[in-house]
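File shown: start_9.csv. Contents: CSV, C-alpha atoms.
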chain,number,residue,atom,x,y,z
A,7,MET,CA,-7.7,20.4,114.2
A,8,ARG,CA,-8.1,24.1,115.1
A,9,LYS,CA,-6.2,23.7,118.3
A,10,SER,CA,-3.3,22.1,116.3
A,11,GLU,CA,-3.4,25.0,113.8
A,12,SER,CA,-3.4,27.5,116.7
A,13,LEU,CA,-0.3,25.9,118.2
A,14,SER,CA,1.4,25.9,114.9
A,15,ILE,CA,0.7,29.6,114.4
A,16,VAL,CA,2.0,30.3,117.9
A,17,GLY,CA,5.1,28.4,117.2
A,18,LEU,CA,5.7,30.2,114.0
A,19,VAL,CA,5.3,33.5,115.6
A,20,GLY,CA,7.7,32.5,118.3
A,21,VAL,CA,10.3,31.6,115.7
A,22,LEU,CA,9.8,34.9,113.9
A,23,CYS,CA,10.2,36.8,117.1
A,24,VAL,CA,13.5,35.0,117.9
A,25,LEU,CA,14.8,35.8,114.4
A,26,ILE,CA,13.8,39.5,114.6
A,27,ILE,CA,15.4,39.9,118.0
A,28,SER,CA,18.6,38.1,116.7
A,29,ILE,CA,18.8,40.4,113.7
A,30,PHE,CA,18.2,43.5,116.0
A,31,LEU,CA,20.9,42.4,118.4
A,32,ALA,CA,23.4,41.7,115.6
A,33,GLY,CA,22.7,45.2,114.2
A,34,CYS,CA,23.3,46.8,117.6
A,35,GLY,CA,26.5,44.8,117.9
A,36,LYS,CA,27.8,46.2,114.6
A,37,LYS,CA,27.0,49.8,115.6
A,38,THR,CA,28.8,49.3,118.9
A,39,GLU,CA,31.9,48.0,117.0
A,40,ILE,CA,31.9,51.1,114.8
A,41,LYS,CA,31.7,53.4,117.8
A,42,GLU,CA,34.6,51.7,119.4
A,43,GLU,CA,36.7,52.0,116.3
A,44,GLU,CA,35.9,55.7,116.1
A,45,LYS,CA,37.1,56.1,119.6
A,46,THR,CA,40.3,54.3,119.1
A,47,PRO,CA,43.1,56.9,119.3
A,48,VAL,CA,45.5,57.4,116.5
A,49,THR,CA,48.9,56.7,117.9
A,50,GLU,CA,51.0,57.4,114.8
A,51,MET,CA,50.5,59.8,112.0
A,52,LYS,CA,51.4,59.6,108.3
A,53,LYS,CA,54.2,61.9,107.3
A,54,PRO,CA,52.6,64.9,105.5
A,55,GLY,CA,53.7,65.8,102.0
A,56,VAL,CA,54.2,69.2,100.5
A,57,THR,CA,52.1,70.1,97.5
A,58,GLY,CA,54.2,70.9,94.4
A,59,ILE,CA,57.3,68.8,95.2
A,60,ARG,CA,56.1,65.8,93.3
A,61,GLU,CA,54.8,67.9,90.4
A,62,PHE,CA,58.2,69.7,90.2
A,63,HIS,CA,60.1,66.4,90.3
A,64,GLN,CA,58.0,65.0,87.5
A,65,VAL,CA,59.1,67.8,85.3
A,66,LEU,CA,62.7,67.7,86.5
A,67,TYR,CA,63.2,63.9,86.1
A,68,PRO,CA,63.3,63.6,82.3
A,69,VAL,CA,65.2,66.9,82.0
A,70,TRP,CA,68.0,65.8,84.4
A,71,HIS,CA,68.2,62.2,83.5
A,72,ASP,CA,67.5,62.3,79.7
A,73,TYR,CA,67.7,65.7,78.0
A,74,PHE,CA,70.6,67.1,80.0
A,75,PRO,CA,73.0,64.1,79.6
A,76,GLN,CA,72.2,63.9,75.9
A,77,GLY,CA,72.7,67.6,75.4
A,78,ASP,CA,69.1,68.0,74.2
A,79,PHE,CA,68.7,71.7,75.0
A,80,GLN,CA,65.8,72.0,72.6
A,81,SER,CA,63.7,69.7,74.8
A,82,ILE,CA,64.9,71.5,77.9
A,83,ARG,CA,63.7,74.8,76.5
A,84,LYS,CA,60.3,73.2,75.7
A,85,ALA,CA,60.0,72.1,79.3
A,86,ILE,CA,60.4,75.7,80.7
A,87,PRO,CA,56.6,76.3,80.8
A,88,GLU,CA,56.1,73.1,82.7
A,89,PHE,CA,58.8,74.2,85.2
A,90,LYS,CA,57.1,77.5,85.6
A,91,GLU,CA,53.7,75.9,86.3
A,92,ALA,CA,55.2,73.4,88.8
A,93,THR,CA,57.1,76.2,90.5
A,94,LYS,CA,53.8,78.2,90.8
A,95,ILE,CA,52.1,75.2,92.5
A,96,LEU,CA,55.1,74.7,94.8
A,97,THR,CA,55.5,78.4,95.9
A,98,GLN,CA,51.8,78.7,96.6
A,99,ALA,CA,51.7,75.6,98.7
A,100,GLU,CA,51.4,75.9,102.5
A,101,LEU,CA,54.1,74.1,104.5
A,102,PRO,CA,52.4,71.6,106.9
A,103,GLN,CA,52.7,72.4,110.6
A,104,PHE,CA,54.6,69.2,111.0
A,105,TYR,CA,57.7,70.9,109.6
A,106,HIS,CA,57.5,74.1,111.7
A,107,ASN,CA,61.0,73.6,113.1
A,108,VAL,CA,62.5,73.9,109.6
A,109,LYS,CA,60.1,76.4,108.1
A,110,ASP,CA,62.5,79.3,107.8
A,111,ASP,CA,65.1,77.1,106.1
A,112,PHE,CA,62.6,75.6,103.7
A,113,GLU,CA,61.1,79.0,102.8
A,114,ALA,CA,64.6,80.3,102.0
A,115,LYS,CA,65.4,77.4,99.8
A,116,ARG,CA,62.0,77.3,98.1
A,117,LYS,CA,62.6,81.0,97.2
A,118,ASN,CA,66.0,80.1,95.8
A,119,LEU,CA,64.5,77.4,93.7
A,120,ALA,CA,62.0,79.8,92.2
A,121,LEU,CA,64.8,82.3,91.4
A,122,SER,CA,66.8,79.5,89.7
A,123,VAL,CA,63.8,78.6,87.5
A,124,GLU,CA,63.5,82.3,86.5
A,125,LYS,CA,67.2,82.4,85.7
A,126,MET,CA,66.9,79.2,83.6
A,127,GLU,CA,64.0,80.7,81.7
A,128,SER,CA,65.9,83.9,81.0
A,129,VAL,CA,69.1,82.0,79.9
A,130,ALA,CA,67.0,79.7,77.7
A,131,GLN,CA,65.8,82.7,75.6
A,132,THR,CA,69.4,83.7,74.8
A,133,GLY,CA,70.2,80.6,72.9
A,134,ASP,CA,73.5,79.9,74.7
A,135,ASP,CA,73.5,76.2,75.5
A,136,LYS,CA,76.5,76.4,77.8
A,137,GLU,CA,74.9,79.0,80.0
A,138,LEU,CA,71.6,77.0,79.9
A,139,ALA,CA,73.5,73.9,81.1
A,140,LYS,CA,74.9,75.9,84.1
A,141,ALA,CA,71.4,77.2,84.8
A,142,VAL,CA,69.9,73.7,84.7
A,143,GLU,CA,72.6,72.5,87.2
A,144,GLU,CA,71.9,75.3,89.5
A,145,MET,CA,68.2,74.7,89.4
A,146,HIS,CA,68.7,71.0,90.1
A,147,THR,CA,71.0,71.8,93.0
A,148,SER,CA,68.4,74.3,94.4
A,149,PHE,CA,65.7,71.6,94.2
A,150,GLU,CA,67.8,69.0,96.0
A,151,ARG,CA,68.7,71.5,98.8
A,152,MET,CA,65.1,72.4,99.3
A,153,ALA,CA,63.9,68.8,99.4
A,154,ARG,CA,66.7,67.8,101.7
A,155,VAL,CA,65.3,70.2,104.3
A,156,LEU,CA,62.3,68.0,104.7
A,157,ALA,CA,64.3,64.8,104.7
A,158,PRO,CA,64.8,63.2,108.1
A,159,ARG,CA,68.1,63.6,109.9
A,160,ILE,CA,67.9,59.9,110.6
A,161,ARG,CA,64.9,57.7,109.9
A,162,GLU,CA,64.5,56.4,113.4
A,163,LEU,CA,64.2,59.9,114.8
A,164,GLU,CA,61.5,60.9,112.3
A,165,GLN,CA,59.6,57.7,113.1
A,166,PHE,CA,59.6,58.7,116.8
A,167,HIS,CA,58.4,62.2,115.8
A,168,LEU,CA,55.4,60.7,113.9
A,169,VAL,CA,54.2,59.2,117.1
A,170,LEU,CA,55.0,62.2,119.3
A,171,TYR,CA,53.4,64.9,117.0
A,172,PRO,CA,49.7,63.9,117.5
A,173,LEU,CA,50.3,63.6,121.2
A,174,TRP,CA,51.8,67.0,121.5
A,175,HIS,CA,49.4,68.9,119.2
A,176,GLN,CA,46.2,66.9,119.8
A,177,ALA,CA,46.1,64.7,122.9
A,178,MET,CA,47.9,67.1,125.3
A,179,PRO,CA,45.8,70.2,124.5
A,180,ASN,CA,42.6,68.1,124.8
A,181,LYS,CA,43.9,66.3,127.9
A,182,ASP,CA,43.2,63.1,126.2
A,183,TYR,CA,44.8,60.8,128.7
A,184,GLN,CA,43.6,57.7,127.0
A,185,ALA,CA,45.3,58.7,123.8
A,186,ILE,CA,48.5,59.3,125.7
A,187,LYS,CA,48.4,55.9,127.3
A,188,ALA,CA,47.7,54.2,124.0
A,189,ALA,CA,50.8,55.9,122.5
A,190,VAL,CA,53.2,54.4,125.1
A,191,PRO,CA,53.8,51.1,123.3
A,192,PRO,CA,54.6,52.7,120.0
A,193,LEU,CA,56.8,55.3,121.7
A,194,GLU,CA,58.7,52.6,123.4
A,195,SER,CA,59.1,50.6,120.2
A,196,LYS,CA,60.3,53.7,118.2
A,197,MET,CA,62.7,54.6,121.1
A,198,GLU,CA,64.1,51.1,121.0
A,199,ALA,CA,64.8,51.4,117.3
A,200,LEU,CA,66.3,54.8,117.9
A,201,MET,CA,68.7,53.4,120.5
A,202,GLN,CA,70.0,51.0,117.8
A,203,ALA,CA,70.4,53.7,115.2
A,204,GLN,CA,73.9,54.5,113.9
A,205,LEU,CA,74.9,57.9,112.6
A,206,SER,CA,76.4,58.2,109.1
A,207,ARG,CA,79.8,59.7,108.5
A,208,ARG,CA,78.4,63.2,107.8
A,209,PHE,CA,77.2,63.3,111.4
A,210,SER,CA,80.5,62.1,112.9
A,211,GLY,CA,81.2,65.5,114.6
A,212,ILE,CA,78.0,65.4,116.7
A,213,GLU,CA,78.1,61.7,117.8
A,214,SER,CA,78.8,62.4,121.5
A,215,GLN,CA,76.0,65.0,121.7
A,216,PHE,CA,73.7,62.7,119.9
A,217,VAL,CA,74.3,59.8,122.4
A,218,GLU,CA,73.9,62.1,125.4
A,219,LYS,CA,70.6,63.6,124.2
A,220,ARG,CA,69.3,60.3,123.0
A,221,GLU,CA,69.8,58.8,126.4
A,222,ALA,CA,67.9,61.7,128.0
A,223,LEU,CA,65.0,61.1,125.6
A,224,ARG,CA,65.0,57.4,126.5
A,225,LEU,CA,64.7,58.2,130.2
A,226,SER,CA,61.9,60.6,129.5
A,227,VAL,CA,60.0,57.9,127.6
A,228,LYS,CA,60.5,55.5,130.4
A,229,ASP,CA,59.2,58.1,132.9
A,230,LEU,CA,56.1,58.8,130.8
A,231,ALA,CA,55.4,55.1,130.4
A,232,GLU,CA,55.6,54.6,134.2
A,233,VAL,CA,53.0,57.3,135.1
A,234,CYS,CA,50.7,56.0,132.3
A,235,ARG,CA,50.8,52.5,133.6
A,236,GLN,CA,50.1,53.7,137.1
A,237,ASN,CA,47.2,55.8,135.7
A,238,LYS,CA,48.6,59.0,137.2
A,239,ASP,CA,46.7,61.3,134.9
A,240,ASP,CA,47.8,64.4,136.8
A,241,LYS,CA,51.5,63.5,136.0
A,242,MET,CA,51.1,62.7,132.3
A,243,ILE,CA,51.2,66.2,130.9
A,244,ASP,CA,54.3,67.1,132.9
A,245,LYS,CA,56.1,63.9,131.7
A,246,LEU,CA,54.9,64.4,128.1
A,247,THR,CA,56.3,68.0,128.2
A,248,VAL,CA,59.7,66.7,129.5
A,249,MET,CA,59.7,64.1,126.7
A,250,HIS,CA,58.9,66.6,124.0
A,251,ASP,CA,61.6,68.9,125.3
A,252,ALA,CA,64.1,66.0,125.2
A,253,TYR,CA,63.1,65.2,121.7
A,254,ARG,CA,63.6,68.9,120.6
A,255,GLU,CA,67.1,68.9,122.2
A,256,LEU,CA,68.0,65.7,120.4
A,257,ASP,CA,66.7,67.1,117.1
A,258,GLN,CA,68.6,70.4,117.6
A,259,VAL,CA,71.9,68.4,117.7
A,260,PHE,CA,71.6,68.1,113.9
A,261,GLU,CA,71.1,71.8,113.3
Taking this structure as input, can you express it in the form of structure tokens?
Amino acid sequence: MRKSESLSIVGLVGVLCVLIISIFLAGCGKKTEIKEEEKTPVTEMKKPGVTGIREFHQVLYPVWHDYFPQGDFQSIRKAIPEFKEATKILTQAELPQFYHNVKDDFEAKRKNLALSVEKMESVAQTGDDKELAKAVEEMHTSFERMARVLAPRIRELEQFHLVLYPLWHQAMPNKDYQAIKAAVPPLESKMEALMQAQLSRRFSGIESQFVEKREALRLSVKDLAEVCRQNKDDKMIDKLTVMHDAYRELDQVFE
């Protein structure tokens, strides 16, 4: 009887040991998965926003789409303090590095918008509705011009840039060859879409330049992809630099 009980106890202990080991291994597996996820390189960034633009537009929308068409200048005057507050937020906001190539243009147009709001406030105090209407139109135009600076020349080129940006500003300085390799498929996919892109009429004068520079960018992506697939780490930085320069030349066609 005692021998049977001893065997039962030994068996129970064995089962418990197996369960404990299984739980421990499962826990280790989860930790390993988390670490692998943390090491996965980001191959495409989200387009950064500029603080203040949304806030300003929220004030502008009812003024431009409701009060202005209805000739409700009293409501427009009541909105002046909100415009001033939104303008303050916008003018104090820092432009993300992502937009460094259009910084000067954006800063100039942001300043013009602030001046147009000041003018609108001044005119609103005079009681002249016709002058206020002109000031509102000028303010709206200034806002559109500023916002358009941050708008993509063409969507496909911006999508390509969203993959290129973290490579150029993060992976390359850190010589993160794994991140560069991981970005090749997204780059090729974005490049394929860019090759299919059609320019709108407003860009008709630059079409030949666009086609030429786009082809140069395509070839640079192809060259980078080849050295990555051959694991030639010593060549990656050079090829990435060539690709970045090709992108800049294509982007400058629109300037």
Could the residues of range 106-163 of chain A that have an atom at most 12 Å from range 256-259 of chain A be listed as CSV, each with its closest atom pair and the distance in Å to one decimal, counting all atoms listed in the file and ordered by chain and ascending residue number?
residue,atom,partner,partner_atom,distance
A:Asn107,CA,A:Gln258,CA,9.4
A:Val108,CA,A:Gln258,CA,10.7
A:Pro158,CA,A:Asp257,CA,10.0
A:Arg159,CA,A:Asp257,CA,8.1
A:Ile160,CA,A:Asp257,CA,9.8
A:Arg161,CA,A:Asp257,CA,12.0
A:Glu162,CA,A:Asp257,CA,11.5
A:Leu163,CA,A:Asp257,CA,8.0
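With distances restricted to all atoms listed in the file, A:Val56 is the closest residue to Ile95 in chain A from A:Leu66, A:Val56, A:Cys234, A:Ala130.
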Using all atoms listed in the file: which of A:Ala92, A:Leu205, A:Lys53, A:Val169 has the shortest distance to Ala189 in chain A = A:Val169
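Counting all atoms listed in the file and comparing A:Leu170, A:Val190, A:Ala185, A:Met152, the residue that lies closest to Ala252 in chain A is A:Leu170.
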ask   = How far is it from CA of Gln103 in chain A to CA of Phe166 in chain A, in Å with one decimal?
value = 16.5 Å
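Computed from the coordinates, the CA of Thr247 in chain A to CA of Ala157 in chain A distance equals 25.0 Å.
Note that CA of Pro102 in chain A and CA of Pro54 in chain A are 6.8 Å apart.
The nearest approach to Thr132 in chain A among the residues A:Met249, A:Phe104, A:Asp239, A:Arg83, with all atoms listed in the file taken into account, belongs to A:Arg83.
Here the question is which of A:Val217, A:Lys181, A:Phe149, A:Leu121 gets nearest to Arg60 in chain A using all atoms listed in the file, and that residue is A:Phe149.
Shortest separation to Glu150 in chain A among A:Glu261, A:Leu223, A:Ile243, A:His63 occurs at residue A:His63, atoms counted being only C-alpha atoms.
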inquiry  = as a PyMOL selection string, please: the residues near Met178 in chain A (cut-off 12 Å, all atoms listed in the file, same-chain neighbours under 5 positions excluded).
reply    = chain A and resi 170-173+183-187+189+239-247+250
key: For Glu88 in chain A: contacts at 12 Å, all atoms listed in the file, fewer than 6 positions along chain excluded, given as a PyMOL selection string   = chain A and resi 61-66+68-69+81-82+94-95+123+127
